[in-house]
>>> print(open('entry01.txt').read())   # compact mmCIF, C-alpha atoms
# COMPACT_ATOMS: atom_id res chain seq x y z
CA MET A 736 -34.07 -6.69 -1.84
CA ASP A 737 -34.60 -5.19 -5.30
CA GLY A 738 -36.02 -1.85 -4.14
CA SER A 739 -36.71 -0.44 -7.62
CA ARG A 740 -38.00 3.16 -7.52
CA ASP A 741 -37.60 6.12 -9.82
CA TYR A 742 -34.74 8.59 -9.46
CA ALA A 743 -37.00 11.38 -8.21
CA TYR A 744 -38.04 9.27 -5.22
CA TYR A 745 -34.43 8.49 -4.25
CA ASN A 746 -33.41 12.10 -4.69
CA LYS A 747 -36.27 13.36 -2.52
CA HIS A 748 -35.65 10.96 0.39
CA ALA A 749 -31.87 10.55 0.23
CA GLN A 750 -31.08 12.66 3.29
CA ASP A 751 -33.82 11.40 5.58
CA VAL A 752 -33.97 7.69 4.74
CA ASN A 753 -33.17 5.55 7.79
CA LEU A 754 -30.09 3.55 6.83
CA ASP A 755 -30.91 0.89 9.43
CA ASP A 756 -34.06 0.11 7.46
CA ILE A 757 -32.26 -0.50 4.16
CA THR A 758 -29.15 -2.42 5.27
CA SER A 759 -28.50 -5.80 6.87
CA SER A 760 -25.38 -5.02 8.89
CA GLU A 761 -23.49 -2.25 10.60
CA ARG A 762 -20.75 -2.35 7.97
CA ASN A 763 -23.22 -2.06 5.10
CA LYS A 764 -24.88 0.84 6.92
CA ASN A 765 -21.51 2.58 7.31
CA ILE A 766 -20.81 2.15 3.61
CA MET A 767 -24.16 3.73 2.72
CA GLN A 768 -23.39 6.56 5.16
CA LYS A 769 -19.98 7.24 3.63
CA LEU A 770 -21.44 7.27 0.13
CA ARG A 771 -24.26 9.59 1.17
CA ASP A 772 -21.89 11.96 2.99
CA GLY A 773 -19.38 12.04 0.14
CA ASP A 774 -16.56 10.79 2.39
CA SER A 775 -13.35 11.80 0.58
CA ASP A 776 -11.50 8.77 1.96
CA PHE A 777 -14.04 6.27 0.64
CA THR A 778 -12.76 5.62 -2.88
CA SER A 779 -13.29 1.86 -3.44
CA LEU A 780 -16.29 -0.44 -3.03
CA TYR A 781 -16.69 -4.21 -3.23
CA ILE A 782 -20.22 -5.58 -3.68
CA GLY A 783 -20.65 -9.33 -3.31
CA GLU A 784 -22.17 -12.28 -1.47
CA GLU A 785 -19.00 -13.42 0.29
CA GLU A 786 -16.34 -11.61 2.27
CA ARG A 787 -12.88 -11.35 0.72
CA ASN A 788 -10.58 -9.67 3.22
CA ASP A 789 -13.03 -8.46 5.87
CA GLU A 790 -12.36 -4.85 4.86
CA ASP A 791 -14.52 -1.82 5.58
CA ASP A 792 -15.24 -1.31 1.86
CA GLU A 793 -16.92 -4.72 1.42
CA PHE A 794 -20.70 -4.54 1.05
CA ILE A 795 -21.85 -8.11 1.66
CA VAL A 796 -25.33 -8.47 0.18
CA GLU A 797 -28.11 -10.05 2.25
CA LYS A 798 -31.84 -10.27 1.52
CA SER A 799 -32.66 -7.20 3.62
CA ASP A 800 -30.20 -4.92 1.80
CA ASP A 801 -31.93 -2.42 -0.49
CA LEU A 802 -29.78 -2.47 -3.62
CA GLY A 803 -31.83 0.28 -5.20
CA TRP A 804 -30.60 2.66 -2.53
CA LEU A 805 -27.05 1.33 -2.87
CA GLY A 806 -27.19 1.98 -6.61
CA TYR A 807 -28.48 5.50 -6.02
CA PHE A 808 -25.69 6.42 -3.60
CA VAL A 809 -23.05 4.89 -5.89
CA GLY A 810 -24.47 6.89 -8.78
CA GLU A 811 -24.35 10.15 -6.79
CA SER A 812 -20.80 9.58 -5.50
CA LYS A 813 -18.11 12.01 -6.66
CA ARG A 814 -15.29 10.20 -4.82
CA LEU A 815 -15.63 6.54 -5.79
CA GLY A 816 -12.79 5.43 -8.06
CA LEU A 817 -12.95 1.62 -7.98
CA LEU A 818 -16.08 -0.53 -8.05
CA HIS A 819 -15.91 -4.33 -7.89
CA MET A 820 -19.09 -6.39 -8.31
CA SER A 821 -19.07 -10.12 -7.59
CA CYS A 822 -22.72 -11.01 -7.76
CA ASN A 823 -24.48 -14.35 -8.04
CA PRO A 824 -27.13 -14.13 -9.36
CA SER A 825 -26.54 -11.24 -11.73
CA PRO A 826 -26.75 -7.69 -10.25
CA PRO A 827 -30.38 -6.45 -10.16
CA VAL A 828 -31.48 -3.75 -12.59
CA CYS A 829 -32.02 -1.17 -9.82
CA LEU A 830 -28.35 -1.44 -8.83
CA LEU A 831 -27.10 -1.21 -12.41
CA GLU A 832 -29.32 1.79 -13.19
CA GLY A 833 -27.90 3.63 -10.23
CA ILE A 834 -24.32 2.80 -11.18
CA CYS A 835 -24.94 4.20 -14.66
CA ARG A 836 -25.32 7.71 -13.22
CA ASN A 837 -21.83 7.64 -11.70
CA ARG A 838 -19.14 9.75 -13.37
CA SER A 839 -16.23 9.26 -10.95
CA ILE A 840 -15.47 5.52 -11.26
CA GLN A 841 -12.17 4.93 -13.04
CA SER A 842 -11.97 1.15 -12.66
CA LEU A 843 -14.90 -1.30 -12.92
CA GLU A 844 -14.50 -5.01 -12.13
CA VAL A 845 -17.33 -7.49 -12.77
CA GLU A 846 -17.23 -11.13 -11.69
CA ASN A 847 -19.50 -14.18 -11.57
CA ILE A 848 -22.67 -14.85 -13.50
CA ILE A 849 -23.79 -12.33 -16.12
CA VAL A 850 -27.07 -12.63 -18.02
CA ASP A 851 -27.92 -11.42 -21.52
CA ALA A 852 -29.43 -8.11 -20.37
CA THR A 853 -26.70 -7.08 -17.90
CA PHE A 854 -24.68 -5.03 -20.37
CA ILE A 855 -27.82 -3.50 -21.89
CA HIS A 856 -28.43 -1.90 -18.51
CA LEU A 857 -24.74 -0.99 -18.06
CA ALA A 858 -24.34 0.54 -21.53
CA PRO A 859 -25.09 4.13 -20.38
CA PHE A 860 -22.31 3.86 -17.79
CA PHE A 861 -19.75 3.06 -20.50
CA GLY A 862 -21.06 5.81 -22.73
CA ASN A 863 -21.33 8.61 -20.17
CA ASN A 864 -18.44 8.09 -17.76
CA SER A 865 -15.41 9.76 -19.33
CA ASN A 866 -13.28 8.88 -16.29
CA LEU A 867 -13.50 5.11 -16.85
CA THR A 868 -10.07 3.85 -17.92
CA ARG A 869 -10.05 0.21 -16.77
CA PHE A 870 -12.57 -2.62 -17.09
CA MET A 871 -12.03 -6.18 -15.83
CA LEU A 872 -14.39 -9.03 -16.67
CA GLY A 873 -13.80 -12.12 -14.55
CA CYS A 874 -16.97 -14.13 -14.89
CA LEU A 875 -17.23 -17.89 -14.58
CA ARG A 876 -20.24 -18.23 -16.83
CA MET A 877 -21.68 -15.83 -19.36
CA GLY A 878 -24.91 -15.73 -21.25
CA SER A 879 -25.42 -16.45 -24.94
CA ASP A 880 -23.84 -14.81 -27.95
CA LEU A 881 -26.48 -12.12 -27.43
CA CYS A 882 -24.75 -11.32 -24.15
CA ALA A 883 -21.45 -11.02 -26.02
CA ARG A 884 -23.04 -8.68 -28.53
CA ASN A 885 -24.51 -6.52 -25.77
CA PHE A 886 -21.12 -6.45 -24.07
CA ALA A 887 -19.37 -5.39 -27.28
CA MET A 888 -21.94 -2.66 -27.93
CA ALA A 889 -21.46 -1.29 -24.41
CA LEU A 890 -17.67 -1.50 -24.69
CA VAL A 891 -17.35 0.51 -27.88
CA LYS A 892 -19.28 3.40 -26.29
CA CYS A 893 -16.35 4.11 -23.98
CA ASP A 894 -13.72 6.25 -25.65
CA SER A 895 -11.75 6.73 -22.41
CA LEU A 896 -11.00 3.02 -21.78
CA THR A 897 -7.27 2.25 -21.86
CA CYS A 898 -7.15 -1.11 -20.01
CA LEU A 899 -9.31 -4.17 -20.78
CA CYS A 900 -8.80 -7.41 -18.82
CA PHE A 901 -10.43 -10.85 -19.08
CA GLU A 902 -9.78 -13.17 -16.16
CA VAL A 903 -11.25 -16.62 -15.66
CA SER A 904 -10.72 -19.34 -13.08
CA ALA A 905 -9.54 -22.77 -14.24
CA ASP A 906 -13.02 -24.30 -13.95
CA GLY A 907 -14.90 -21.62 -15.84
CA GLY A 908 -15.23 -19.88 -19.18
CA GLN A 909 -16.64 -16.67 -20.58
CA PHE A 910 -17.94 -16.16 -24.08
CA SER A 911 -17.76 -18.92 -26.67
CA ASP A 912 -14.87 -19.07 -29.14
CA ASP A 913 -17.20 -17.96 -31.93
CA ALA A 914 -18.33 -15.00 -29.84
CA PHE A 915 -14.74 -13.89 -29.33
CA ASN A 916 -13.83 -14.42 -32.99
CA ASP A 917 -16.92 -12.81 -34.49
CA ILE A 918 -18.00 -10.25 -31.87
CA ILE A 919 -15.52 -9.37 -29.11
CA PHE A 920 -12.26 -9.15 -31.07
CA PRO A 921 -13.78 -7.15 -33.97
CA ALA A 922 -15.11 -4.69 -31.38
CA LEU A 923 -11.51 -3.93 -30.40
CA ASN A 924 -11.18 -2.11 -33.72
CA PHE A 925 -13.33 0.58 -32.15
CA LEU A 926 -11.01 1.01 -29.16
CA PRO A 927 -7.97 2.68 -30.76
CA GLN A 928 -7.10 4.29 -27.42
CA LEU A 929 -6.57 0.90 -25.70
CA GLU A 930 -3.12 0.64 -24.05
CA LYS A 931 -3.43 -2.69 -22.23
CA LEU A 932 -5.19 -5.91 -23.25
CA SER A 933 -5.00 -8.85 -20.86
CA PHE A 934 -6.27 -12.44 -20.91
CA GLU A 935 -5.57 -14.74 -17.97
CA ASP A 936 -6.57 -18.41 -17.83
CA HIS A 937 -8.84 -17.88 -20.80
CA TYR A 938 -8.44 -20.54 -23.46
CA ILE A 939 -9.35 -19.27 -26.92
CA GLU A 940 -9.43 -21.93 -29.59
CA GLY A 941 -10.03 -21.81 -33.31
CA GLU A 942 -9.26 -18.59 -35.17
CA GLY A 943 -9.32 -16.31 -32.12
CA TYR A 944 -5.67 -15.29 -32.05
CA ALA A 945 -5.55 -15.07 -35.83
CA THR A 946 -8.39 -12.54 -35.61
CA LEU A 947 -6.57 -10.60 -32.89
CA GLY A 948 -3.33 -10.72 -34.88
CA ASN A 949 -5.07 -9.27 -37.93
CA ILE A 950 -6.52 -6.44 -35.85
CA LEU A 951 -3.04 -5.62 -34.59
CA ARG A 952 -1.60 -5.86 -38.10
CA LEU A 953 -4.19 -3.45 -39.50
CA GLY A 954 -3.50 -0.90 -36.76
CA GLY A 955 -6.78 -1.33 -34.89
CA MET A 956 -5.00 -0.84 -31.55
CA GLY A 957 -2.13 1.42 -32.48
CA LYS A 958 -1.59 2.70 -28.94
CA LEU A 959 -1.34 -0.77 -27.34
CA ARG A 960 1.56 -0.89 -24.88
CA VAL A 961 0.86 -4.09 -22.90
CA LEU A 962 -0.36 -7.47 -24.18
CA ASP A 963 -0.83 -10.15 -21.51
CA LEU A 964 -1.86 -13.63 -22.70
CA ILE A 965 -1.30 -15.63 -19.51
CA SER A 966 -2.11 -19.37 -19.63
CA SER A 967 -4.54 -18.65 -22.45
CA GLY A 968 -3.97 -21.47 -24.91
CA VAL A 969 -1.59 -19.67 -27.27
CA ASN A 970 -0.03 -22.25 -29.61
CA ASP A 971 2.43 -21.98 -32.49
CA ALA A 972 -0.14 -20.84 -35.04
CA GLY A 973 -1.56 -18.30 -32.61
CA LEU A 974 1.83 -16.85 -31.70
CA GLN A 975 2.95 -16.62 -35.31
CA THR A 976 -0.12 -14.60 -36.31
CA LEU A 977 0.22 -12.44 -33.20
CA VAL A 978 3.87 -11.71 -33.98
CA ALA A 979 2.90 -10.69 -37.51
CA GLY A 980 0.40 -8.28 -35.98
CA MET A 981 2.78 -6.97 -33.32
CA LYS A 982 5.12 -5.71 -36.02
CA SER A 983 2.54 -2.96 -36.54
CA CYS A 984 2.39 -2.10 -32.83
CA GLN A 985 5.06 0.55 -32.53
CA ASN A 986 4.10 1.28 -28.90
CA LEU A 987 4.08 -2.30 -27.58
CA VAL A 988 6.59 -2.51 -24.71
CA ARG A 989 5.38 -5.53 -22.68
CA LEU A 990 4.48 -9.04 -23.82
CA ASN A 991 3.50 -11.74 -21.33
CA LEU A 992 3.08 -15.29 -22.65
CA CYS A 993 3.56 -17.06 -19.32
CA GLY A 994 2.00 -20.53 -19.04
CA ASN A 995 1.32 -21.17 -22.74
CA ASP A 996 3.07 -24.54 -22.88
CA ALA A 997 1.83 -25.40 -26.39
CA ILE A 998 4.39 -22.99 -27.88
CA THR A 999 7.28 -24.86 -29.53
CA VAL A 1000 10.64 -24.07 -31.09
CA ALA A 1001 9.00 -23.21 -34.41
CA ALA A 1002 7.09 -20.28 -32.94
CA LEU A 1003 10.10 -19.17 -30.87
CA ARG A 1004 12.03 -18.87 -34.13
CA THR A 1005 9.35 -16.49 -35.43
CA SER A 1006 9.58 -14.49 -32.20
CA SER A 1007 13.37 -14.36 -32.51
CA ASP A 1008 13.02 -12.84 -35.96
CA PHE A 1009 10.63 -10.27 -34.49
CA PHE A 1010 13.29 -9.12 -32.00
CA GLN A 1011 15.62 -8.44 -34.89
CA SER A 1012 13.07 -6.31 -36.75
CA GLU A 1013 13.12 -2.52 -36.61
CA SER A 1014 9.49 -2.45 -35.47
CA CYS A 1015 10.13 -4.27 -32.16
CA ARG A 1016 10.05 -1.98 -29.11
CA LEU A 1017 9.61 -4.58 -26.34
CA GLU A 1018 11.11 -3.69 -22.95
CA SER A 1019 9.57 -6.57 -20.97
CA LEU A 1020 9.20 -10.19 -22.11
CA ASN A 1021 7.72 -12.99 -19.96
CA LEU A 1022 8.17 -16.51 -21.32
CA ALA A 1023 7.89 -18.35 -18.02
CA SER A 1024 6.42 -21.86 -17.94
CA ILE A 1025 6.19 -22.45 -21.67
CA GLY A 1026 8.56 -25.41 -21.87
CA ILE A 1027 11.63 -23.73 -23.36
CA ASP A 1028 14.58 -26.14 -23.53
CA ASP A 1029 18.17 -25.58 -24.62
CA GLU A 1030 17.22 -25.50 -28.30
CA GLY A 1031 14.55 -22.89 -27.64
CA ALA A 1032 16.94 -20.81 -25.51
CA ILE A 1033 19.55 -20.85 -28.28
CA ILE A 1034 16.97 -19.64 -30.81
CA LEU A 1035 15.78 -16.94 -28.43
CA ALA A 1036 19.36 -15.83 -27.76
CA THR A 1037 19.92 -15.37 -31.49
CA GLY A 1038 17.14 -12.81 -31.59
CA LEU A 1039 18.42 -11.01 -28.49
CA THR A 1040 21.94 -10.65 -29.89
CA THR A 1041 21.18 -7.40 -31.64
CA TYR A 1042 18.26 -6.27 -29.51
CA LYS A 1043 19.07 -3.47 -27.09
CA PRO A 1044 15.79 -2.09 -25.57
CA LEU A 1045 14.94 -5.21 -23.46
CA LYS A 1046 14.93 -4.39 -19.72
CA HIS A 1047 13.03 -7.33 -18.16
CA LEU A 1048 13.27 -10.99 -19.17
CA ASN A 1049 11.49 -13.83 -17.35
CA LEU A 1050 12.43 -17.38 -18.38
CA SER A 1051 11.60 -19.09 -15.09
CA GLN A 1052 10.04 -22.55 -14.75
CA ASN A 1053 11.32 -23.81 -18.07
CA ASP A 1054 13.73 -26.61 -19.05
CA ILE A 1055 16.84 -24.56 -19.83
CA GLY A 1056 20.11 -26.33 -19.08
CA ASP A 1057 23.76 -25.31 -19.23
CA GLU A 1058 23.91 -25.06 -23.02
CA GLY A 1059 20.88 -22.79 -23.15
CA ILE A 1060 22.22 -20.58 -20.33
CA ALA A 1061 25.53 -20.19 -22.16
CA ALA A 1062 23.74 -19.13 -25.35
CA LEU A 1063 21.59 -16.59 -23.48
CA VAL A 1064 24.60 -15.11 -21.71
CA SER A 1065 26.40 -14.81 -25.03
CA GLY A 1066 23.43 -13.07 -26.57
CA LEU A 1067 23.10 -10.64 -23.68
CA THR A 1068 26.78 -9.78 -23.21
CA ILE A 1069 28.57 -10.03 -26.53
CA ALA A 1070 25.72 -8.18 -28.23
CA ALA A 1071 24.73 -4.56 -27.90
CA ASN A 1072 22.31 -5.21 -25.05
CA THR A 1073 23.17 -2.90 -22.17
CA SER A 1074 19.65 -2.27 -20.90
CA LEU A 1075 18.67 -5.54 -19.17
CA GLU A 1076 17.75 -4.81 -15.54
CA THR A 1077 15.92 -7.97 -14.39
CA LEU A 1078 16.58 -11.58 -15.38
CA ASN A 1079 14.58 -14.48 -13.90
CA LEU A 1080 16.04 -17.94 -14.51
CA SER A 1081 14.62 -19.68 -11.44
CA GLU A 1082 13.48 -23.31 -11.62
CA ASN A 1083 15.60 -24.24 -14.63
CA PRO A 1084 17.83 -27.38 -14.55
CA PHE A 1085 21.24 -25.77 -15.09
CA THR A 1086 24.28 -26.71 -13.01
CA ILE A 1087 27.60 -25.17 -12.01
CA ALA A 1088 28.47 -24.81 -15.71
CA GLY A 1089 25.46 -22.54 -16.12
CA VAL A 1090 26.51 -20.56 -13.03
CA ARG A 1091 29.94 -20.13 -14.57
CA SER A 1092 28.36 -18.76 -17.76
CA LEU A 1093 26.17 -16.39 -15.75
CA SER A 1094 29.20 -15.05 -13.92
CA THR A 1095 30.31 -13.60 -17.27
CA LEU A 1096 27.07 -11.63 -17.51
CA ILE A 1097 27.20 -10.50 -13.88
CA GLN A 1098 30.68 -9.05 -14.12
CA SER A 1099 30.37 -7.57 -17.59
CA GLU A 1100 31.35 -3.90 -17.58
CA ARG A 1101 28.22 -3.12 -19.58
CA SER A 1102 25.88 -4.97 -17.22
CA CYS A 1103 22.88 -3.01 -15.91
CA LEU A 1104 21.40 -5.96 -14.01
CA LYS A 1105 19.59 -4.96 -10.83
CA LEU A 1106 17.71 -8.21 -10.14
CA LEU A 1107 18.88 -11.75 -10.87
CA ASN A 1108 16.75 -14.72 -9.83
CA LEU A 1109 18.48 -18.12 -9.84
CA GLY A 1110 16.16 -19.94 -7.45
CA TRP A 1111 15.93 -23.74 -7.42
CA MET A 1112 19.01 -24.68 -9.42
CA ILE A 1113 20.07 -28.33 -9.50
CA ASP A 1114 21.96 -29.28 -6.35
CA GLY A 1115 25.70 -29.38 -6.92
CA ASP A 1116 29.00 -28.26 -5.44
CA GLU A 1117 27.70 -25.40 -3.30
CA ALA A 1118 31.13 -24.14 -2.31
CA ALA A 1119 32.27 -23.96 -5.94
CA GLU A 1120 29.03 -22.26 -7.05
CA ALA A 1121 29.27 -19.74 -4.22
CA LEU A 1122 32.87 -18.92 -5.07
CA ILE A 1123 32.03 -18.35 -8.75
CA LEU A 1124 29.14 -16.03 -7.83
CA ALA A 1125 31.17 -14.21 -5.17
CA ASN A 1126 33.98 -13.43 -7.61
CA ALA A 1127 31.46 -12.24 -10.22
CA LEU A 1128 29.55 -10.09 -7.72
CA ALA A 1129 32.76 -8.45 -6.57
CA ASN A 1130 33.08 -7.07 -10.11
CA ASN A 1131 29.45 -5.90 -10.30
CA THR A 1132 28.22 -2.49 -9.13
CA SER A 1133 24.63 -2.61 -10.38
CA LEU A 1134 23.01 -5.73 -8.83
CA ILE A 1135 20.60 -5.03 -5.96
CA HIS A 1136 18.66 -8.31 -5.57
CA LEU A 1137 19.93 -11.88 -5.95
CA GLY A 1138 17.38 -14.68 -5.52
CA LEU A 1139 18.48 -18.21 -4.63
CA GLY A 1140 16.42 -21.35 -4.09
CA TYR A 1141 15.15 -22.84 -0.85
CA ASN A 1142 16.57 -26.22 -1.86
CA ILE A 1143 20.17 -25.05 -2.28
CA HIS A 1144 21.58 -26.55 0.88
CA LYS A 1145 22.95 -29.84 2.24
CA GLU A 1146 22.23 -31.34 5.59
CA GLY A 1147 24.92 -30.47 8.15
CA GLU A 1148 26.49 -27.69 6.03
CA ASP A 1149 26.08 -23.93 5.86
CA THR A 1150 23.31 -22.74 3.61
CA PHE A 1151 24.37 -21.59 0.20
CA SER A 1152 23.50 -17.97 0.96
CA ARG A 1153 25.58 -17.88 4.17
CA LEU A 1154 28.52 -19.41 2.34
CA LEU A 1155 28.14 -16.91 -0.49
CA VAL A 1156 28.00 -13.94 1.88
CA THR A 1157 31.14 -15.16 3.66
CA LEU A 1158 33.05 -15.61 0.42
CA LEU A 1159 31.78 -12.32 -0.97
CA ALA A 1160 33.00 -10.47 2.13
CA SER A 1161 36.48 -11.96 1.83
CA THR A 1162 36.59 -11.27 -1.90
CA ILE A 1163 35.59 -7.63 -1.45
CA SER A 1164 38.37 -7.06 1.10
CA THR A 1165 41.03 -7.74 -1.54
CA HIS A 1166 39.24 -6.32 -4.58
CA PRO A 1167 39.36 -2.69 -5.75
CA ILE A 1168 35.74 -2.68 -6.99
CA THR A 1169 32.95 -2.36 -4.43
CA PRO A 1170 29.62 -4.06 -5.26
CA SER A 1171 26.37 -2.23 -4.71
CA SER A 1172 25.91 -1.54 -1.01
CA GLN A 1173 22.22 -2.37 -1.43
CA LEU A 1174 22.78 -5.96 -2.57
CA ALA A 1175 20.28 -8.27 -0.87
CA ILE A 1176 20.42 -12.07 -1.15
CA TYR A 1177 17.16 -14.04 -0.85
CA MET A 1178 16.65 -17.73 -0.16
CA GLY A 1179 13.72 -18.28 -2.48
CA ASN A 1180 12.29 -16.73 -5.63
CA ILE A 1181 11.84 -13.02 -6.15
CA LEU A 1182 8.63 -12.00 -7.85
CA THR A 1183 9.35 -10.24 -11.14
>>> encode(input="entry01.txt", output="structure tokens")
Amino acid sequence: MDGSRDYAYYNKHAQDVNLDDITSSERNKNIMQKLRDGDSDFTSLYIGEEERNDEDDEFIVEKSDDLGWLGYFVGESKRLGLLHMSCNPSPPVCLLEGICRNRSIQSLEVENIIVDATFIHLAPFFGNNSNLTRFMLGCLRMGSDLCARNFAMALVKCDSLTCLCFEVSADGGQFSDDAFNDIIFPALNFLPQLEKLSFEDHYIEGEGYATLGNILRLGGMGKLRVLDLISSGVNDAGLQTLVAGMKSCQNLVRLNLCGNDAITVAALRTSSDFFQSESCRLESLNLASIGIDDEGAIILATGLTTYKPLKHLNLSQNDIGDEGIAALVSGLTIAANTSLETLNLSENPFTIAGVRSLSTLIQSERSCLKLLNLGWMIDGDEAAEALILANALANNTSLIHLGLGYNIHKEGEDTFSRLLVTLLASTISTHPITPSSQLAIYMGNILT
């Protein structure tokens, strides 16, 4: 139900309107009640056509729900911090007009179909809500380039926004490539306060990343701390222009390129040079699932040799073998790097030789490793691998989490983890150094 009325009408009847008459379910009624009463515990709201987790904050829209009243109560709320809209068709104007009066929402998430006029109606919300710091757009289908222009115009009105995320499912898309190149990316020049920019499963072709790289190079987002480009079609040309731009981002501490398998050795060489530059401040680097082989690992290790600030490195689900592992260990131990806290090497095809190389890193006196993920190594001599790790762990006082793979076992024998624990216990009994008492060993991968 649209339920469009003017604000004066809603304001006059807000306290005496019968909530049973304007809602389709008991849960929707309770949500309206909490919004009307200013319930201090009601801080998040999901509006959509389908249930997600069957939670009390999910307003599932039916025909008999008056969305004009819902918009009014959202607009009047002083407690609401997170609003998620997943509407198909696009949210009605009466709902959007009500939302625009809200000043408490800090995070807005919009999914599903958006029409050209949606962001025209939402523009006042972006311009007037100084508490809004995060906006996520996760729509399957967008309108025309006019919709992109309306979105950009609304976006630049918000001078409090610090986090902007674009998320798309594998079977959908958002704006066209031209819209991103000519409208969306240039609008980022007007968001100098932005600290996080994230794209996930959003393939941008053409000159998109070149445009973004130029914006970074010219200082358009000087406060940017996090850049996530997850499975977003970054190729060699795109990464090279982004790296050139990142040299101007003195505050950038996290880069996530997971899932961009079009990146080759050529672009990794450019990235390696970036690590050796004085402008690089990265503390977290995610290069999972981009097809790095031994050659790529060797090039990457060259850049890490003199790079000290790195704390988190994810190289999981690549094609790194023993030679690549040896090069990485050399780069992380022989060099000045004493800051690395998490290292994820799961699902790489290294063998006992790679484990032997890693033992050097584990027992290095300068090691700060707290989490090491080795899940899904190639099956080999489990007893020998366990002994190597046990001896290394006995000389390590920093490691807290060690992740192993589900497939590291042989039928009729002890699991690798049980064997390792047994050997570690016997090693500790004769060794003067005591490993961290918090060390936990996992059969499987640890999320990093």
>>> closest_residue(input="entry01.txt", among="A:Leu926, A:Ile918, A:Leu872, A:Met888", to="Cys900 (chain A)", atoms="all atoms listed in the file")
A:Leu872
>>> closest_residue(input="entry01.txt", among="A:Val1000, A:Leu962, A:Leu929, A:Leu1093", to="Gln975 (chain A)", atoms="all atoms listed in the file")
A:Val1000
>>> residues_around(input="entry01.txt", residues="Ala858 (chain A)", least_positions_apart="5", cutoff="12 Å", atoms="only C-alpha atoms", output="VMD selection string")
chain A and resid 831 to 832 834 to 836 852 to 853 863 to 864 884 to 893
>>> closest_residue(input="entry01.txt", among="A:Arg1004, A:His856, A:Leu770, A:Leu830", to="Leu815 (chain A)", atoms="all atoms listed in the file")
A:Leu770
>>> closest_residue(input="entry01.txt", among="A:Asn866, A:Ser760, A:Asn1053, A:Ser933", to="Glu902 (chain A)", atoms="all atoms listed in the file")
A:Ser933
>>> closest_residue(input="entry01.txt", among="A:Asp1029, A:Glu1018, A:Asp800, A:Asp912", to="Lys1046 (chain A)", atoms="all atoms listed in the file")
A:Glu1018
>>> residues_around(input="entry01.txt", residues="Gln1052 (chain A)", least_positions_apart="5", cutoff="6 Å", atoms="only C-alpha atoms", output="list of chain:residue names")
A:Ala1023, A:Ser1024, A:Glu1082, A:Asn1083
>>> residues_around(input="entry01.txt", residues="Glu1030 (chain A)", least_positions_apart="3", cutoff="9 Å", atoms="all atoms listed in the file", output="list in words")
Val1000, Ile1027, Ile1033, Ile1034, Leu1035, Ile1055, Glu1058 and Gly1059 of chain A
>>> residues_around(input="entry01.txt", residues="Lys764 (chain A)", least_positions_apart="3", cutoff="10 Å", atoms="all atoms listed in the file", output="compact mmCIF listing (two decimals) with C-alpha atoms, in the coordinates of the input")
# COMPACT_ATOMS: atom_id res chain seq x y z
CA ASN A 753 -33.17 5.55 7.79
CA LEU A 754 -30.09 3.55 6.83
CA ASP A 755 -30.91 0.89 9.43
CA ASP A 756 -34.06 0.11 7.46
CA ILE A 757 -32.26 -0.50 4.16
CA THR A 758 -29.15 -2.42 5.27
CA SER A 759 -28.50 -5.80 6.87
CA SER A 760 -25.38 -5.02 8.89
CA GLU A 761 -23.49 -2.25 10.60
CA MET A 767 -24.16 3.73 2.72
CA GLN A 768 -23.39 6.56 5.16
CA LYS A 769 -19.98 7.24 3.63
CA LEU A 770 -21.44 7.27 0.13
CA PHE A 794 -20.70 -4.54 1.05
CA ASP A 800 -30.20 -4.92 1.80
>>> atom_distance(input="entry01.txt", atom1="CA of Tyr744 (chain A)", atom2="CA of Val796 (chain A)")
22.5 Å
>>> residues_around(input="entry01.txt", residues="Leu990 (chain A)", least_positions_apart="5", cutoff="10 Å", atoms="only C-alpha atoms", output="list in words")
Ser933, Arg960, Val961, Leu962, Asp963, Leu964, Ile965, Met981, Leu1017, Glu1018, Ser1019, Leu1020, Asn1021 and Leu1022 of chain A
>>> closest_residue(input="entry01.txt", among="A:Leu1134, A:Gly862, A:Ala1121, A:Ser1081", to="Ile1097 (chain A)", atoms="only C-alpha atoms")
A:Leu1134
>>> atom_distance(input="entry01.txt", atom1="CA of Asp751 (chain A)", atom2="CA of Ile782 (chain A)")
23.6 Å
>>> atom_distance(input="entry01.txt", atom1="CA of Glu930 (chain A)", atom2="CA of Ser1014 (chain A)")
17.3 Å
